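A.B. asks: The structure is given below, and queries will be raised subsequently.
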Amino acid sequence: MTDEPKPQPTNPAVAPAKPVAAVPAALAKPISRADFLWTGWAMLAAFFGASAAATARFMFPNVIYEPSQKFNAGPAKGYDIGVSTKWLSEQRVWIIRNEKGIYALWARCTHLGCTPNWWGDQNRFKCPCHGSNYTIEGDVIAGPAPRPLWRAKVEISTKGDLIIDKAVLEDIPGKRENAPYFLTLA
Amino acid sequence: MSYRNLFYLLNFGLLASFGVSYVLDFKTEWRGYQNQYFAMAADSLEKDGKHAEAEKMRHQWPEIKQIINKDLDRIDRCTTCHVGMDEYSNPTMKNDFTKNPFKAHPNVAEINGKHPFQKYGCTVCHQGQGMATTVAGAHGRVRNWEQPLLEGQMIQGACARCHDNFEHLKGAEVAAKGKHLFYEHGCQGCHSVRGVGGVISVDLKDIADKPLERIAGYNFSRVKYKGNLLSQDDWTRAHWIMGHLENDPMQVTPNDPMAKFNAEPIAPSGMPNWTEEDATGKREITEEDAEAITTWLMSMSPETKIPREYYVSGPAASEPKLAGAAHGKFVFEKYGCAGCHGLHGSKGRRNFNAKGAGQEMETAKQDEWGDMDKGREPTLVDVVGTYTHEELVKKISNGVKSVDIVKFNPSGPTPPLYMPTWKDKISPAELDDLAAYLMSIAKKQDVGF
Amino acid sequence: MPKLPTLEELKKEVIDSQIWRSVFRGGVWKDTPRDRSAHIIGNVWLHLHPVRVRKRALEWTYTWGLGGISFALFMILTVTGVLLMFYYRPTIDLAYRDIKDLEYAITLGKLMRNMHRWAAQAMVVGVIAHMVSVFLRGAYKKPREFNWSIGVLLLTLTLFLSFTGYLLPWDQLAIWAVTVGTNMAGATPLLGNEGPMGNLVGAHINNDVRFVLLGGTMVGENTLLRFYVMHCVAVPLVVGILLILHFWRIRKDSFSAAPYEPNEDKVEVWPHLVKREYIAAAACLLVMFIWSIWMNAPLEVIANPNVTPNPSKAPWYFVGLQELLVYFDPWIAGVVMPGLIIVGLMAIPYIDTNPKGVGYYAWSERKFANTGFMLGVTMWFVLIAIGYWFRGPNFFWYWPWESWLMIKAAPPLTWNVFGPNATWRLWCTPNLSAFPLWLGIPLVGGAGLASLVLPKLIQKELDGIKANLGVLGGLALIAVIMKLSPLHVSLVKGAWLIVFGWMHFYFGFLLPQRHIRALDWARYLVTMALVLSTTAVLLKMCARLAFDIKYVITIPALSMNI
């Protein structure tokens, strides 16, 4: 005890934490082998952790080469009452006109992403993968699909063409019957 | 069995099965055809006294021959079997053989002159699977290839893919006739083609590429051709198109008019029954006509990769200078009015469950078929006389919504056909002349004063 | 003229040459035990074997050589796969064309493709059979627990290899199987954009786990490349590492789990085991040859992202999962269930404390373990059979003798039991629920908790006959009441209820109550969780088939449906 330097009159909260800075006596108690290895292992672990995280990030592409989700579906007056499959092959969208106006359904089953078929003879969409059935409105009437078909944003250009944007989607009844997911036509 | 014997047996089995698979791989159809061709060609050279050349021909080693069409990204190995059409094996590209696959291409000087085989390949016109080296595979008669060989005159459809002027082209007469018939009978009233036409039914812009998956098997299973149901090998797009002209579409696509599967009844296909015979026992569209229309429609394939230089543009669209009722008649044909109202407005076509002329019964009960299938579109020559010129113009302009059509059976399906709204499509001048034309064909009303 | 050497002399000359001796060490082969041992020890390929092995472990009927056969198939797959890589280019413009080339223009290309395809199918069967046989012989018990877990991982990777390989031909079969498979990943809770609570943590179509798998938002060029790399490089590498570990452990754990007998015979591995391995491998290869000559690998129309084949089915070993997808939301059938199966299988050696039945078939000593495991395996294959043979266009139920050209009436409307928009009315219309959530969550949660702990809490063993009869009688009574009630539930549906309800009771309550109530709580709970999730599948199937129930509980705000 006698060898120990006298504690300096400092803030008691700080004092015990600063023995190294206070006196060179810290050298008398060098970093132990165990402590040193601990730090080393911790650094290695951190390196592996960071590398794993960076590898995971690496797997997320920052640029992808996919076609635009927007397309011009031609003049709005070119659609008559019923389901039009005109754009199904190219854009995977059904354009549907009813008494009030036009909406566009994205032809992707909300269950697991297959393309349902329009069965005009049964007035419903049927998915070939797990048997989900939808009404012309997009509501599920049978099968495992958890939610209605998505409706895409529909706008009308100054030329009178339909502009459909599959990146903006809505399927909640009440919201989907309003703009921009429904285009009211006179 | 001892392990030693098993050891012998298995090793023998391995060698033998390797041998079998190698032999099977080697004994392909095309090697046989090529050897046969070399022998035949050598014989005819021998006859001409060209002994050395004959020997060379006879001892050729068979190989897969192919034409790479870079422009269209197609690889055609057809000449592997059709050696007589290979420029390198048969430089003259002519021979005396009469049977396929040995015979030379007919009319070769002209066709090879205009479309050099080495540049264009074969499938660009003939379709089929160019990569394949088996007979069934190459002719596209396999389940995983949806463009089988265009047979007979159907090949003319391929001309129309690039040649917009095909109507004036020698050798494309059938396709030209098909196009003419299509417009004459008013198909464009309901079907749009290359962006022009009605919207009542399917857009035919890519009918020649329609995925067979979309024509579900159960639809094909009702298509008859020449009186027989098609075998599954013949479930092709051409037969699907023809099936609509050679059958009553109401039978091909019956849908659900009695609401057996659905809450609401759904009318069968609204397409007219082209097999219906008139008083003289003639069909409006004969079997030959049906084939011509199909031939033309087989050109409806939006190939996006066709390079510009392949296209041959057609004559600029021009309308004849006509006036009055004569112009009205032209307008009537231009917009496909005949599709529903019959040639020259002479007979309204079937409109399922519409109330009108032709029905003997007054009405039907809920679950009764009755005369639903006898419903008809208005026969213009009969009804136009009850309108004034202005009323007619208004009627055509506004159209009739399908929900406004009076139903024969009130609880039956909504009729499939309706009068579209024409005011956006037909110009006022045209409309005026059309009405004039219609008034001119109307039967004089015997008002009985 | 010098005298020609005889064959024997020539052979001696060659073997004694410096080249031969440097390559193949050891002296003249005298077939002594020492020679035989040296053959195993001195050879890098053979030294994963022990030198001597117990005679009874060599009986064919003991293992049926299933592990070895699976490895032989893996080798066939490696060789044919590397050969196929020489001609295959993983881009969407070229992939399908290259497969056509293999089929039509490359010498033995078709054979190689067929063999690769069929060997892959056979390997899936082989690995599953291997697992079942190891389980039934109790060969996963101490000290082999960890090796069993590695084996489960290898099984999973075998299926994953199969799945990634499925995309490469780029035909309709390929992209739709992969679209469905990767969308299941998109339904992962939290990590997937369509999964429960995914929207709470900001999962979008372009940042979730599905996006990583696909390398984009749809199956496309990136996906093909990713699957190609996984199929050809990444996964085989992992499989190879795990295989070495698996084999090394087998050798360290004295090769066979068969119980020791006094004065047991041991025989040399060379030639006794090695010859058996050779025979099995050669037989495998021969079968693959014959199969590949006889049948061609399937190839459909080129991939079209806008047209789904009807019906669209997964590869057969996943059809069971696909069938589950009819009854459950994707996050349950596609993520939770497969996860539970894998984790549950890996956990088996750690929860099965029964010391009996190590290394031999023991039905009576391991009743619960065998029944539970075989119930799971049977259900897996029954579901596969249903999905494969009983599902037609639109995934409707078609009996095998019914033509797929026949149109089926639309399925009945479904309803939810608990959820928002409650109507307080049984049998309500779609998108509505019969009862509200505040009732459903405690009720369903309570029922689940009760069935989890009840078997252990009841200390006295129940009388099996009485309990079974009681439950069967009760269910029959309910069926009759439902028939007589204004709802007029048909007796066929009543029969569904009796069968599935009883199965749930028997496997999920009676058996555990009888056999595992003595387990410590931790092991007991894990076991019960696995057993109950198996029988819950039966209950949900019953709810759908007999009562058209879509979800028992639905919480749309969280995309959580059960």
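Residues in the structure tokens are named by chain (A, B, ... in the order shown) and by number from 1 within that chain; ligands are numbered from 1 in the order shown.
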When you get a sec, could you note down which chain B residues fall within 8 Å of chain C, using only C-alpha atoms, as a VMD selection string?

C.D. replies: chain B and resid 3 6 to 7 10 to 11 13 to 14 17 to 18 21 to 22 25 to 26 64 131 to 134 143 to 146 211 213 to 214 217 to 218 221 260 to 262

A.B. asks: Mind running chain C against chain A at 7 Å and telling me each contacting residue's nearest atom pair with the distance in Å (one decimal), counting only C-alpha atoms, chain and number ascending, as a Markdown table?

C.D. replies:
| residue | atom | partner | partner_atom | distance |
| --- | --- | --- | --- | --- |
| C:Thr179 | CA | A:Gly113 | CA | 6.7 |
| C:Val180 | CA | A:Leu112 | CA | 5.2 |
| C:Asn183 | CA | A:Leu112 | CA | 5.4 |
| C:Met184 | CA | A:Leu112 | CA | 6.7 |
| C:Val212 | CA | A:Phe60 | CA | 5.5 |
| C:Gly215 | CA | A:Pro61 | CA | 6.3 |
| C:Gly216 | CA | A:Ile64 | CA | 6.2 |
| C:Asn306 | CA | A:Ser89 | CA | 5.6 |
| C:Val307 | CA | A:Thr115 | CA | 6.1 |
| C:Thr308 | CA | A:Thr115 | CA | 5.4 |
| C:Pro309 | CA | A:Pro128 | CA | 6.9 |
| C:Asn310 | CA | A:Pro128 | CA | 4.8 |
| C:Pro311 | CA | A:Pro128 | CA | 4.8 |
| C:Ser312 | CA | A:Cys129 | CA | 4.9 |
| C:Lys313 | CA | A:Cys129 | CA | 6.7 |
| C:Val326 | CA | A:Pro144 | CA | 5.4 |
| C:Tyr327 | CA | A:Pro144 | CA | 6.4 |
| C:Phe328 | CA | A:Pro144 | CA | 6.8 |
| C:Asp329 | CA | A:Pro144 | CA | 6.7 |
| C:Pro393 | CA | A:Pro128 | CA | 6.3 |
| C:Asn394 | CA | A:Pro128 | CA | 4.0 |
| C:Phe395 | CA | A:Gly131 | CA | 4.8 |
| C:Phe396 | CA | A:Gly131 | CA | 6.2 |
| C:Pro411 | CA | A:Ala142 | CA | 6.3 |
| C:Pro412 | CA | A:Ala142 | CA | 6.8 |
| C:Leu413 | CA | A:Ala142 | CA | 5.5 |
| C:Thr414 | CA | A:Ala142 | CA | 6.1 |
| C:Pro430 | CA | A:Ile141 | CA | 6.4 |

A.B. asks: For the selection you just gave me, I'd like the residues written to a file as a short mmCIF file (atom, residue, chain, number, x, y, z; two decimals), in the first residue's frame, keeping N, CA, C and O atoms.

C.D. replies:
data_model
loop_
_atom_site.label_atom_id
_atom_site.label_comp_id
_atom_site.auth_asym_id
_atom_site.auth_seq_id
_atom_site.Cartn_x
_atom_site.Cartn_y
_atom_site.Cartn_z
N THR C 179 -40.62 -19.09 -59.99
CA THR C 179 -41.43 -17.94 -59.58
C THR C 179 -42.18 -18.25 -58.29
O THR C 179 -42.16 -17.47 -57.33
N VAL C 180 -42.83 -19.41 -58.27
CA VAL C 180 -43.58 -19.79 -57.08
C VAL C 180 -42.64 -19.96 -55.89
O VAL C 180 -42.89 -19.46 -54.79
N ASN C 183 -41.32 -16.60 -54.67
CA ASN C 183 -42.35 -15.78 -54.05
C ASN C 183 -42.66 -16.27 -52.64
O ASN C 183 -43.11 -15.50 -51.80
N MET C 184 -42.43 -17.57 -52.40
CA MET C 184 -42.56 -18.06 -51.03
C MET C 184 -41.56 -17.34 -50.15
O MET C 184 -41.87 -16.97 -49.02
N VAL C 212 -32.95 -10.52 -53.31
CA VAL C 212 -31.59 -11.05 -53.32
C VAL C 212 -31.55 -12.36 -54.10
O VAL C 212 -30.63 -12.58 -54.90
N GLY C 215 -32.10 -11.40 -57.73
CA GLY C 215 -31.24 -10.38 -58.31
C GLY C 215 -32.07 -9.39 -59.11
O GLY C 215 -31.61 -8.83 -60.10
N GLY C 216 -33.31 -9.18 -58.71
CA GLY C 216 -34.20 -8.28 -59.42
C GLY C 216 -35.59 -8.44 -58.85
O GLY C 216 -35.77 -9.13 -57.84
N ASN C 306 -45.35 -14.19 -69.07
CA ASN C 306 -46.73 -13.72 -69.04
C ASN C 306 -47.76 -14.83 -69.19
O ASN C 306 -48.94 -14.57 -69.17
N VAL C 307 -47.31 -16.05 -69.39
CA VAL C 307 -48.25 -17.16 -69.55
C VAL C 307 -47.86 -18.26 -68.57
O VAL C 307 -46.76 -18.78 -68.62
N THR C 308 -48.77 -18.59 -67.69
CA THR C 308 -48.50 -19.66 -66.74
C THR C 308 -49.14 -20.95 -67.25
O THR C 308 -50.31 -20.94 -67.57
N PRO C 309 -48.38 -22.04 -67.32
CA PRO C 309 -48.99 -23.29 -67.75
C PRO C 309 -50.10 -23.69 -66.78
O PRO C 309 -50.05 -23.37 -65.60
N ASN C 310 -51.08 -24.38 -67.30
CA ASN C 310 -52.23 -24.74 -66.49
C ASN C 310 -52.45 -26.25 -66.55
O ASN C 310 -52.75 -26.76 -67.61
N PRO C 311 -52.34 -27.00 -65.50
CA PRO C 311 -51.89 -26.57 -64.18
C PRO C 311 -50.38 -26.41 -64.17
O PRO C 311 -49.70 -26.97 -65.00
N SER C 312 -49.90 -25.68 -63.21
CA SER C 312 -48.48 -25.45 -63.08
C SER C 312 -48.03 -26.17 -61.82
O SER C 312 -48.48 -25.86 -60.74
N LYS C 313 -47.16 -27.15 -61.99
CA LYS C 313 -46.78 -27.94 -60.82
C LYS C 313 -45.30 -27.86 -60.55
O LYS C 313 -44.48 -27.76 -61.46
N VAL C 326 -52.16 -24.75 -50.87
CA VAL C 326 -53.59 -24.59 -51.12
C VAL C 326 -54.31 -24.29 -49.81
O VAL C 326 -55.29 -23.56 -49.79
N TYR C 327 -53.80 -24.84 -48.73
CA TYR C 327 -54.51 -24.71 -47.45
C TYR C 327 -53.98 -23.57 -46.59
O TYR C 327 -54.68 -23.07 -45.73
N PHE C 328 -52.71 -23.22 -46.80
CA PHE C 328 -52.10 -22.24 -45.90
C PHE C 328 -51.59 -21.04 -46.67
O PHE C 328 -51.30 -21.13 -47.86
N ASP C 329 -51.39 -19.96 -45.95
CA ASP C 329 -50.75 -18.80 -46.53
C ASP C 329 -49.30 -19.15 -46.87
O ASP C 329 -48.70 -20.00 -46.22
N PRO C 393 -56.35 -28.96 -64.11
CA PRO C 393 -56.37 -27.55 -64.49
C PRO C 393 -56.90 -26.67 -63.36
O PRO C 393 -57.82 -27.06 -62.65
N ASN C 394 -56.31 -25.50 -63.22
CA ASN C 394 -56.64 -24.55 -62.17
C ASN C 394 -56.43 -25.13 -60.79
O ASN C 394 -56.97 -24.64 -59.81
N PHE C 395 -55.64 -26.20 -60.73
CA PHE C 395 -55.33 -26.88 -59.48
C PHE C 395 -56.59 -27.37 -58.78
O PHE C 395 -56.64 -27.51 -57.57
N PHE C 396 -57.64 -27.63 -59.58
CA PHE C 396 -58.85 -28.21 -59.03
C PHE C 396 -58.61 -29.70 -58.81
O PHE C 396 -57.69 -30.29 -59.36
N PRO C 411 -65.05 -23.72 -57.24
CA PRO C 411 -65.07 -24.20 -55.85
C PRO C 411 -65.99 -23.34 -54.99
O PRO C 411 -66.30 -22.20 -55.35
N PRO C 412 -66.44 -23.89 -53.87
CA PRO C 412 -67.36 -23.11 -53.02
C PRO C 412 -66.66 -21.89 -52.44
O PRO C 412 -65.44 -21.86 -52.32
N LEU C 413 -67.45 -20.92 -52.06
CA LEU C 413 -66.89 -19.72 -51.43
C LEU C 413 -66.33 -20.09 -50.06
O LEU C 413 -66.83 -20.97 -49.39
N THR C 414 -65.26 -19.39 -49.67
CA THR C 414 -64.66 -19.68 -48.38
C THR C 414 -64.92 -18.54 -47.41
O THR C 414 -65.26 -17.44 -47.82
N PRO C 430 -67.48 -14.32 -48.35
CA PRO C 430 -66.03 -14.13 -48.42
C PRO C 430 -65.64 -12.73 -47.99
O PRO C 430 -66.45 -11.80 -48.03
#

A.B. asks: Find the spatial neighbours of segment 110-124 of chain B, counting only C-alpha atoms, within a cut-off of 7 Å - ignore same-chain residues fewer than 2 positions away - and output them as a list in words.

C.D. replies: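 Non-adjacent residues within range: Ile67, Ile68, Asn69, Asp76, Asn107, Val108, His126, Gln127, Gly128 and Gly130 of chain B.
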
A.B. asks: Those residues you just picked out, can you put them in a file as a JSON list (two decimals), in the first residue's frame with N, CA, C and O atoms?

C.D. replies:
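Written out: result39.json:
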[["chain", "number", "residue", "atom", "x", "y", "z"],
["B", 67, "ILE", "N", -27.86, -23.21, -91.44],
["B", 67, "ILE", "CA", -27.83, -21.85, -91.96],
["B", 67, "ILE", "C", -28.10, -20.93, -90.78],
["B", 67, "ILE", "O", -29.08, -21.10, -90.06],
["B", 68, "ILE", "N", -27.20, -19.99, -90.56],
["B", 68, "ILE", "CA", -27.39, -19.07, -89.45],
["B", 68, "ILE", "C", -27.90, -17.74, -90.00],
["B", 68, "ILE", "O", -27.22, -17.10, -90.79],
["B", 69, "ASN", "N", -29.11, -17.40, -89.61],
["B", 69, "ASN", "CA", -29.65, -16.10, -89.99],
["B", 69, "ASN", "C", -29.44, -15.15, -88.82],
["B", 69, "ASN", "O", -30.19, -15.18, -87.85],
["B", 76, "ASP", "N", -31.11, -22.65, -88.71],
["B", 76, "ASP", "CA", -31.91, -23.63, -89.44],
["B", 76, "ASP", "C", -31.05, -24.79, -89.89],
["B", 76, "ASP", "O", -30.12, -24.62, -90.66],
["B", 107, "ASN", "N", -39.29, -24.28, -107.85],
["B", 107, "ASN", "CA", -39.18, -22.90, -108.29],
["B", 107, "ASN", "C", -37.94, -22.22, -107.73],
["B", 107, "ASN", "O", -37.97, -21.05, -107.34],
["B", 108, "VAL", "N", -36.86, -23.00, -107.67],
["B", 108, "VAL", "CA", -35.72, -22.57, -106.86],
["B", 108, "VAL", "C", -35.04, -21.32, -107.43],
["B", 108, "VAL", "O", -34.62, -20.45, -106.67],
["B", 126, "HIS", "N", -41.15, -21.01, -93.69],
["B", 126, "HIS", "CA", -41.86, -22.27, -93.49],
["B", 126, "HIS", "C", -42.26, -22.52, -92.05],
["B", 126, "HIS", "O", -43.08, -23.38, -91.79],
["B", 127, "GLN", "N", -41.66, -21.83, -91.10],
["B", 127, "GLN", "CA", -41.82, -22.11, -89.67],
["B", 127, "GLN", "C", -41.27, -23.50, -89.38],
["B", 127, "GLN", "O", -40.56, -24.08, -90.17],
["B", 128, "GLY", "N", -41.62, -24.06, -88.26],
["B", 128, "GLY", "CA", -41.01, -25.31, -87.82],
["B", 128, "GLY", "C", -39.85, -25.00, -86.91],
["B", 128, "GLY", "O", -39.54, -23.84, -86.63],
["B", 130, "GLY", "N", -36.13, -24.94, -86.46],
["B", 130, "GLY", "CA", -34.90, -25.03, -87.23],
["B", 130, "GLY", "C", -33.77, -25.76, -86.55],
["B", 130, "GLY", "O", -32.96, -26.41, -87.19]]

A.B. asks: With a cut-off of 9 Å and counting only C-alpha atoms, select all residues of chain B in contact with chain A and give the selection as a ChimeraX atom specification.

C.D. replies: /B:198-203,205,210,214,253-257,259,261-269,401-402,420,424

A.B. asks: Which residues in segment 163-369 of chain B does DSSP call strand (DSSP E or B)? List them as a ChimeraX atom specification.

C.D. replies: /B:163,192-193,196-197,224-225,228-229,256,266,277,283,312,350,354

A.B. asks: Just to be explicit: take each residue in the selection above, keep all heavy atoms, and write the result as a short mmCIF file (atom, residue, chain, number, x, y, z; two decimals), in the first residue's frame.

C.D. replies:
data_model
loop_
_atom_site.label_atom_id
_atom_site.label_comp_id
_atom_site.auth_asym_id
_atom_site.auth_seq_id
_atom_site.Cartn_x
_atom_site.Cartn_y
_atom_site.Cartn_z
N HIS B 163 -44.03 -8.49 -96.30
CA HIS B 163 -44.47 -7.78 -97.51
C HIS B 163 -45.82 -7.14 -97.28
O HIS B 163 -46.85 -7.80 -97.33
CB HIS B 163 -44.59 -8.77 -98.68
CG HIS B 163 -43.27 -9.28 -99.15
ND1 HIS B 163 -42.55 -8.67 -100.14
CD2 HIS B 163 -42.54 -10.34 -98.76
CE1 HIS B 163 -41.44 -9.34 -100.35
NE2 HIS B 163 -41.39 -10.36 -99.53
N SER B 192 -60.09 -6.31 -83.93
CA SER B 192 -59.12 -5.34 -84.42
C SER B 192 -57.91 -6.07 -84.97
O SER B 192 -57.51 -7.13 -84.49
CB SER B 192 -58.78 -4.41 -83.25
OG SER B 192 -57.43 -4.13 -83.24
N VAL B 193 -57.34 -5.53 -86.04
CA VAL B 193 -56.17 -6.11 -86.68
C VAL B 193 -55.16 -5.00 -86.87
O VAL B 193 -55.48 -3.97 -87.47
CB VAL B 193 -56.54 -6.73 -88.04
CG1 VAL B 193 -55.30 -7.02 -88.84
CG2 VAL B 193 -57.33 -7.99 -87.85
N VAL B 196 -56.42 -1.52 -85.98
CA VAL B 196 -57.62 -0.96 -86.58
C VAL B 196 -58.74 -1.99 -86.50
O VAL B 196 -58.55 -3.14 -86.86
CB VAL B 196 -57.38 -0.59 -88.06
CG1 VAL B 196 -58.63 0.04 -88.66
CG2 VAL B 196 -56.19 0.35 -88.17
N GLY B 197 -59.90 -1.54 -86.01
CA GLY B 197 -61.03 -2.45 -85.99
C GLY B 197 -61.77 -2.36 -84.68
O GLY B 197 -61.42 -1.57 -83.80
N LYS B 224 -64.06 -29.15 -84.42
CA LYS B 224 -64.11 -30.18 -85.45
C LYS B 224 -63.52 -29.62 -86.73
O LYS B 224 -63.64 -28.44 -87.03
CB LYS B 224 -65.55 -30.61 -85.70
CG LYS B 224 -66.07 -31.55 -84.65
CD LYS B 224 -67.44 -32.06 -85.06
CE LYS B 224 -67.97 -33.00 -84.00
NZ LYS B 224 -69.37 -33.35 -84.26
N TYR B 225 -62.90 -30.49 -87.48
CA TYR B 225 -62.35 -30.08 -88.76
C TYR B 225 -62.66 -31.17 -89.77
O TYR B 225 -62.35 -32.33 -89.53
CB TYR B 225 -60.84 -29.85 -88.63
CG TYR B 225 -60.21 -29.31 -89.88
CD1 TYR B 225 -60.67 -28.12 -90.44
CD2 TYR B 225 -59.18 -29.98 -90.51
CE1 TYR B 225 -60.12 -27.61 -91.59
CE2 TYR B 225 -58.61 -29.48 -91.66
CZ TYR B 225 -59.08 -28.29 -92.21
OH TYR B 225 -58.53 -27.80 -93.35
N ASN B 228 -64.47 -34.15 -88.24
CA ASN B 228 -63.90 -34.96 -87.16
C ASN B 228 -63.30 -34.07 -86.09
O ASN B 228 -62.82 -32.97 -86.38
CB ASN B 228 -62.80 -35.88 -87.70
CG ASN B 228 -63.34 -36.83 -88.74
OD1 ASN B 228 -64.37 -37.45 -88.53
ND2 ASN B 228 -62.66 -36.89 -89.87
N LEU B 229 -63.31 -34.59 -84.88
CA LEU B 229 -62.60 -33.88 -83.83
C LEU B 229 -61.11 -33.95 -84.12
O LEU B 229 -60.62 -34.93 -84.69
CB LEU B 229 -62.89 -34.53 -82.47
CG LEU B 229 -64.28 -34.24 -81.90
CD1 LEU B 229 -64.49 -35.03 -80.63
CD2 LEU B 229 -64.44 -32.75 -81.61
N ASP B 256 -71.58 -20.40 -70.50
CA ASP B 256 -72.46 -20.90 -69.44
C ASP B 256 -73.82 -20.22 -69.48
O ASP B 256 -74.21 -19.52 -68.55
CB ASP B 256 -71.75 -20.64 -68.10
CG ASP B 256 -72.44 -21.34 -66.95
OD1 ASP B 256 -73.29 -22.21 -67.21
OD2 ASP B 256 -72.13 -21.00 -65.79
N ILE B 266 -73.80 -16.71 -68.65
CA ILE B 266 -72.88 -16.04 -69.57
C ILE B 266 -73.15 -16.58 -70.98
O ILE B 266 -73.18 -17.80 -71.19
CB ILE B 266 -71.43 -16.29 -69.17
CG1 ILE B 266 -71.18 -15.68 -67.78
CG2 ILE B 266 -70.48 -15.70 -70.18
CD1 ILE B 266 -70.02 -16.26 -67.07
N GLU B 277 -76.21 -22.33 -93.80
CA GLU B 277 -76.42 -22.33 -95.24
C GLU B 277 -77.63 -21.46 -95.58
O GLU B 277 -78.60 -21.41 -94.84
CB GLU B 277 -76.65 -23.76 -95.73
CG GLU B 277 -75.38 -24.56 -95.66
CD GLU B 277 -75.60 -26.04 -95.91
OE1 GLU B 277 -76.77 -26.44 -96.03
OE2 GLU B 277 -74.60 -26.77 -95.94
N ARG B 283 -72.81 -21.76 -98.25
CA ARG B 283 -72.31 -21.12 -97.04
C ARG B 283 -71.74 -19.77 -97.39
O ARG B 283 -71.15 -19.58 -98.45
CB ARG B 283 -71.22 -21.99 -96.41
CG ARG B 283 -71.77 -23.13 -95.61
CD ARG B 283 -70.70 -24.15 -95.29
NE ARG B 283 -69.49 -23.53 -94.72
CZ ARG B 283 -68.47 -24.24 -94.27
NH1 ARG B 283 -68.51 -25.55 -94.29
NH2 ARG B 283 -67.42 -23.64 -93.78
N VAL B 312 -41.10 -4.81 -96.88
CA VAL B 312 -41.44 -4.22 -98.16
C VAL B 312 -42.75 -3.49 -97.94
O VAL B 312 -43.75 -4.10 -97.59
CB VAL B 312 -41.63 -5.31 -99.24
CG1 VAL B 312 -41.97 -4.67 -100.56
CG2 VAL B 312 -40.40 -6.16 -99.34
N ARG B 350 -76.79 -13.89 -85.72
CA ARG B 350 -77.30 -14.36 -84.44
C ARG B 350 -76.74 -13.52 -83.30
O ARG B 350 -75.56 -13.19 -83.24
CB ARG B 350 -76.87 -15.82 -84.24
CG ARG B 350 -77.33 -16.36 -82.88
CD ARG B 350 -76.92 -17.79 -82.69
NE ARG B 350 -75.49 -17.94 -82.68
CZ ARG B 350 -74.88 -19.03 -83.15
NH1 ARG B 350 -75.56 -20.02 -83.66
NH2 ARG B 350 -73.56 -19.10 -83.12
N ALA B 354 -81.01 -12.15 -77.64
CA ALA B 354 -81.61 -10.85 -77.96
C ALA B 354 -83.01 -11.12 -78.50
O ALA B 354 -83.23 -12.11 -79.18
CB ALA B 354 -80.77 -10.13 -79.01
#

A.B. asks: If you run DSSP on the backbone here, which positions in segment 12-176 of chain A get helix (DSSP H, G or I)? Please write them as an NGL selection string.

C.D. replies: :A and (15-17 or 19-22 or 24-28 or 33-58 or 76-78 or 88-91)
